[in-house]
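Below: one structure, written as structure tokens.
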Amino acid sequence: MTTTAAPAAPATTAPPAVVSARGVVKRWGSTVALDGADVQVGRGVTGLLGANGSGKTTLFGLLLGLHRPDEGTIRVLGLDPSTAGPEVRARVGYSPEHHSLPPDVKAVDFVRHVAELHGLPRREATGRASDVLWQVGLGEERVRPLGTMSTGQRQRVKLAQAIVHDPVLAILDEPTEGLDPVQRDDMLALIRRVGHDFGIDVLLSSHVLDEVERVADGAVILHAGRVVDSGSLHELQASNAGGLVLELDGDPRELLLALHRRGYRLEVTKGRLFVDGGPDVFDGVRDELARLALPVRRLEPRRRSLEEVFLAAGLVGGQARQPDSEPNPATGADAAAGAVPPVPAGRRAAP
Amino acid sequence: MTAPSTSGARIIDRGYRRYEGERTGRGGAIGTLWRQSVQRAMGLRRSTWAKILPFAAVLISYVPAVVFIGQVALLPDEQLEVLELPTYGDYFPFIQAALTLIVAFIAPEVLCTDRRTGMLGIYLASPLTRDSYLVAKAAAVLTVLSMVTVGPPLLMLIAYVLQGVGPDGPAEVALTLIRIVGAGLVLGVLYTAVSLGVSSLTDRKSFATAAMLLLTLVSSIFVGVLVETTGLPDGFQALSLLAGPFLLVKLIHGEVPPVDISLPAALGGTALWTLAGAVVCRVRYQVLQVTR
């Protein structure tokens with residue numbers, strides 16, 4: 001079973017978790033879709049990262065109470081979706097991965113219908129459907145049948161129906177799938193607005209690292225049904241495993257020599273000194289700086305891109321690593337129990 | 001200086017607003033889905049083509065009853081006395097075509113489309129459960145079917161009353177009404193369950209339509225041949241999807257059916273088909289993976 005790091009919350013005090021899952025196992029026949037996943041999702045926008053077949057959609061199904069976990073416990077907004085599914089779903093918006101929507105239904109009718117399904121009175125649902133379509137940039141297009149809309153417009157409609165009933169949490173499954181770069185940027189900006197301006201917490205899945213990096217406050221990295229790393233984006237990027245970045249006032253040569261003698265790998269780029277090493281690197285650099293009495297302009301953990309986080313976790317290119325074991329017949333991904341990639345140093349690893 | 005005109009001004013972007021009001025819960029969701037499904041089945045808020053089949057079905061079932069009322073209203077008394085209107089049981093063959101249209105073409109639209117368009121995932125991400133979703137869908141199909149199984153016999157009641165051969169007194173009127181509604185609902189429930197059971201097995205409406213027509217024909221031919229060749233009692237006709245329900249309707253209205261069949265046997269056959277359809281549909285939806 002994997003164990004993960006802190007909640008993906010940007011706040012300074014520990015806020016209540018929007019989603020909390022412990023030791024979740026879900027099997028589809030002989031396929032293990034989730035294999036002891038521990039997930040904590042805090043306020044704001046959280047990205048669920050993983051290759052196709054890593055268990056993202058299965059996790060969403062469990063959070064919505066559409067399936068029961070074989071093992072483990074799940075809390076969404078403080079409720080158990082297995083037993084209080086309707087109550088959870090009334091407060092959650094969901095945008096599915098697929099693009100197919102009823103082609104002969106107008107966008108505004110579709111969004112209003114979803115609002116009514118979530119308990120809004122008809123009059124309120126009608127007003128909000130129009131309003132929210134304006135918010136996602138489809139005000140002028142709201143009376144067009146869904147079948148005549150482009151993929152980008154349909155993604156916006158899906159986002160609109162996920163937030164029309166003012167949910168506490170919006171779960172967005174691959175919201176940028178099929179979009180061109182410009183549409184993708186617009187969609188990411190919209191999602192950020194939803195998470196920060198509208199006050200709706202967002203959990204979005206993606207297999208594109210860059211997207212999560214741009215829009216999310218936190219991330220959960222899923223691989224072959226296991227959470228290999230999670231936390232706020234700040235924590236993930238600033239892990240000790242990434243080393244330090246240092247800027248000095250003065251000549252750094254003496255320090256370079258000293259650190260080299262300690263065995264740290266060094267790199268100097270544009271006046272910045274990057275020091276790679278294990279968890280003790282901070283102490284080592286501090287001691288040398290004190291010994292040499294060098295004035296420091298900047299000393300902070302080196303921020304890694306999420307791609308580096310992925311690579312550190314053994315996930316090449318963000319795709320599911322193909323282990324020696326037999327591939328998962330249902331998803332094409334590895335779901336074998338022994339195929340957990342190495343967890344980065346400095347993080348708690350699975351037993 | 002003139003004041004700026006505000007006559008054409010309107011707010012088109014009110015921003016995102018919180019909703020603090022009451023929510024209607026699962027009951028409201030079922031009601032919403034039921035209403036939307038009935039509208040969809042009847043082609044409302046859809047293209048003209050989508051309206052043709054459901055309105056044709058309703059028309060086919062009502063036209064004979066309207067014609068009979070017209071005859072009763074317009075014919076002179078001496079001709080009215082010799083006019084023989086069909087009994088309630090005899091009227092049902094008039095609505096056979098309408099029932100077939102609804103069961104084979106309209107019911108699959110109600111169920112298959114949601115799976116094919118991915119709407120099922122959106123519905124089940126609302127307060128609806130799999131069971132409450134099916135309840136709403138079944139209620140929608142039953143509503144449409146009841147339009148043709150209950151409405152026309154009610155018109156026939158008017159025709160009988162106008163002719164002066166209708167039920168005598170409030171008690172008999174009430175009994176007749178109960179029989180009309182009961183027979184219509186029994187027929188509606190049976191065909192709702194069977195059509196949803198068949199439709200639950202495929203995402204494609206055309207496959208569901210073909211399967212429904214085949215099931216109706218094959219079951220009826222099979223039962224007919226079985227009774228003819230093996231000498232089984234006529235009561236087994238209750239298992240025919242074509243003949244069985246109409247024999248039951250005759251029995252409910254207190255009429256003599258053309259074959260020797262008892263009310264329990266006819267009810268048993270209908271219940272068996274209803275149960276089979278409902279079980280197939282429910283089991284299918286319990287195991288469906290919907291988040292993909």
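In the structure tokens, chains take letters A, B, ... by order of appearance, with residues numbered from 1 within each chain and ligands from 1 in the order shown.
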Give me, as an mmCIF file with C-alpha atoms, in the first residue's frame, the contact residues of chain B against chain A at a cut-off of 9 Å, counting only C-alpha atoms.
```cif
data_model
loop_
_atom_site.group_PDB
_atom_site.id
_atom_site.type_symbol
_atom_site.label_atom_id
_atom_site.label_comp_id
_atom_site.auth_asym_id
_atom_site.auth_seq_id
_atom_site.Cartn_x
_atom_site.Cartn_y
_atom_site.Cartn_z
ATOM 1 C CA ILE B 12 -26.078 39.914 -20.221
ATOM 2 C CA ASP B 13 -23.406 38.727 -17.801
ATOM 3 C CA ARG B 14 -24.495 38.571 -14.200
ATOM 4 C CA GLY B 15 -21.378 36.756 -13.053
ATOM 5 C CA TYR B 16 -21.270 33.532 -11.159
ATOM 6 C CA ARG B 17 -23.782 33.467 -8.329
ATOM 7 C CA ARG B 18 -23.943 31.171 -5.338
ATOM 8 C CA TYR B 19 -27.144 29.210 -4.809
ATOM 9 C CA GLU B 20 -28.380 29.108 -1.229
ATOM 10 C CA GLY B 21 -31.985 28.062 -1.868
ATOM 11 C CA GLU B 22 -33.781 24.783 -1.303
ATOM 12 C CA ARG B 23 -32.866 21.738 -3.373
ATOM 13 C CA THR B 24 -35.452 19.235 -4.470
ATOM 14 C CA GLY B 25 -33.333 16.144 -3.770
ATOM 15 C CA ARG B 26 -33.703 12.711 -5.287
ATOM 16 C CA GLY B 27 -37.472 13.089 -5.753
ATOM 17 C CA GLY B 28 -36.923 16.217 -7.798
ATOM 18 C CA ALA B 29 -34.264 14.493 -9.878
ATOM 19 C CA ILE B 30 -36.609 11.597 -10.631
ATOM 20 C CA GLY B 31 -39.374 14.033 -11.598
ATOM 21 C CA THR B 32 -37.027 16.012 -13.835
ATOM 22 C CA LEU B 33 -35.748 12.910 -15.581
ATOM 23 C CA GLN B 36 -37.446 15.072 -19.858
ATOM 24 C CA ARG B 45 -38.256 20.237 -28.155
ATOM 25 C CA ARG B 46 -36.817 18.118 -30.951
ATOM 26 C CA SER B 47 -36.952 18.149 -34.747
ATOM 27 C CA THR B 113 -29.754 7.077 -26.193
ATOM 28 C CA ASP B 114 -28.465 7.843 -22.699
ATOM 29 C CA ARG B 116 -24.875 5.963 -26.454
ATOM 30 C CA THR B 117 -24.484 9.686 -25.793
ATOM 31 C CA GLY B 118 -22.824 9.284 -22.408
ATOM 32 C CA MET B 119 -25.721 10.973 -20.617
ATOM 33 C CA GLY B 121 -22.712 8.983 -16.643
ATOM 34 C CA ILE B 122 -24.021 12.507 -16.101
ATOM 35 C CA TYR B 123 -27.329 11.234 -14.716
ATOM 36 C CA LEU B 124 -25.621 8.892 -12.287
ATOM 37 C CA ALA B 125 -23.332 11.700 -11.159
ATOM 38 C CA SER B 126 -26.476 13.480 -9.921
ATOM 39 C CA PRO B 127 -28.519 12.504 -6.843
ATOM 40 C CA LEU B 128 -30.070 9.732 -8.951
ATOM 41 C CA THR B 129 -29.084 6.158 -8.208
ATOM 42 C CA ARG B 130 -29.147 3.376 -10.774
ATOM 43 C CA GLN B 289 -19.583 0.707 -15.699
ATOM 44 C CA VAL B 290 -20.606 4.268 -16.326
ATOM 45 C CA THR B 291 -17.632 6.511 -15.665
ATOM 46 C CA ARG B 292 -15.800 5.593 -18.871
#
```
### Message
Which residues are close to Thr100 of chain B, i.e. within 10 Å by only C-alpha atoms, leaving aside same-chain residues fewer than 2 positions away? Reply as number ranges by chain.
### Response
B: 57, 95-98, 102-106, 191, 209, 212-213, 216, 242
Output of the above residues as an mmCIF file, in the first residue's frame, restricted to C-alpha atoms:
```cif
data_model
loop_
_atom_site.group_PDB
_atom_site.id
_atom_site.type_symbol
_atom_site.label_atom_id
_atom_site.label_comp_id
_atom_site.auth_asym_id
_atom_site.auth_seq_id
_atom_site.Cartn_x
_atom_site.Cartn_y
_atom_site.Cartn_z
ATOM 1 C CA ALA B 57 -48.823 6.233 -32.626
ATOM 2 C CA ILE B 95 -54.276 0.070 -30.563
ATOM 3 C CA GLN B 96 -52.021 -2.893 -31.311
ATOM 4 C CA ALA B 97 -50.185 -0.942 -34.026
ATOM 5 C CA ALA B 98 -49.708 2.053 -31.740
ATOM 6 C CA ILE B 102 -44.105 2.770 -29.004
ATOM 7 C CA VAL B 103 -42.625 -0.439 -27.647
ATOM 8 C CA ALA B 104 -40.321 -1.092 -30.600
ATOM 9 C CA PHE B 105 -39.307 2.426 -31.589
ATOM 10 C CA ILE B 106 -39.938 4.895 -28.779
ATOM 11 C CA TYR B 191 -44.697 -3.645 -22.313
ATOM 12 C CA THR B 209 -36.131 -2.258 -32.145
ATOM 13 C CA MET B 212 -38.177 -6.270 -29.568
ATOM 14 C CA LEU B 213 -40.064 -7.076 -32.778
ATOM 15 C CA THR B 216 -42.753 -10.404 -29.788
ATOM 16 C CA LEU B 242 -49.022 -10.662 -28.810
#
```
### Query
What's the 8 Å shell around Leu48 of chain A, counting only C-alpha atoms, without same-chain residues fewer than 2 positions away, as number ranges by chain?
A: 46, 50, 56, 203-206, 219-222
### Task
Looking only at strand (DSSP E or B) from DSSP on the backbone, list the matching residues of segment 133-280 of chain A as a ChimeraX atom specification.
/A:145,169-173,201-206,218-223,226-232,244-248,265-269,272-276
### Message
Just want the 12 Å neighbourhood of Glu81 of chain B, counted on only C-alpha atoms, with same-chain residues fewer than 2 positions away dropped. Output as a list in words.
### Response
Gln71, Val72, Leu75, Pro76, Asp77, Glu78, Gln79, Leu83, Glu84, Leu85, Tyr160, Leu162, Gln163, Gly164 and Val165 of chain B
### Task
Output as number ranges by chain all residues of segment 86-177 of chain A that backbone DSSP marks as alpha helix (DSSP H).
A: 86-90, 107-117, 122-135, 151-163
#### Entry: d(atom CA of Val245 of chain A, atom CA of Asp280 of chain A) in Å
14.3 Å
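One distance worth recording is that between atom CA of Val76 of chain A and atom CA of Arg22 of chain A, which is 11.8 Å.
Among B:Ala271, B:Pro93, B:Ala266, B:Val66, the residue with the shortest atom-to-atom distance to Val189 of chain B, counting only C-alpha atoms, is B:Ala271.
We find atom CA of Leu59 of chain B and atom CA of Trp273 of chain B to be spaced 27.4 Å apart.
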### Query
If you count only C-alpha atoms, which residues fall within 10 Å of Val24 of chain A, apart from same-chain ones fewer than 2 positions away, as a ChimeraX atom specification?
/A:1-2,21-22,26,33-39,59,62,68-74,225-226
### Message
as a PyMOL selection string, please: the residues near Thr176 of chain A (cut-off 7 Å, only C-alpha atoms, same-chain neighbours under 3 positions excluded).
### Response
chain A and resi 179+184+187
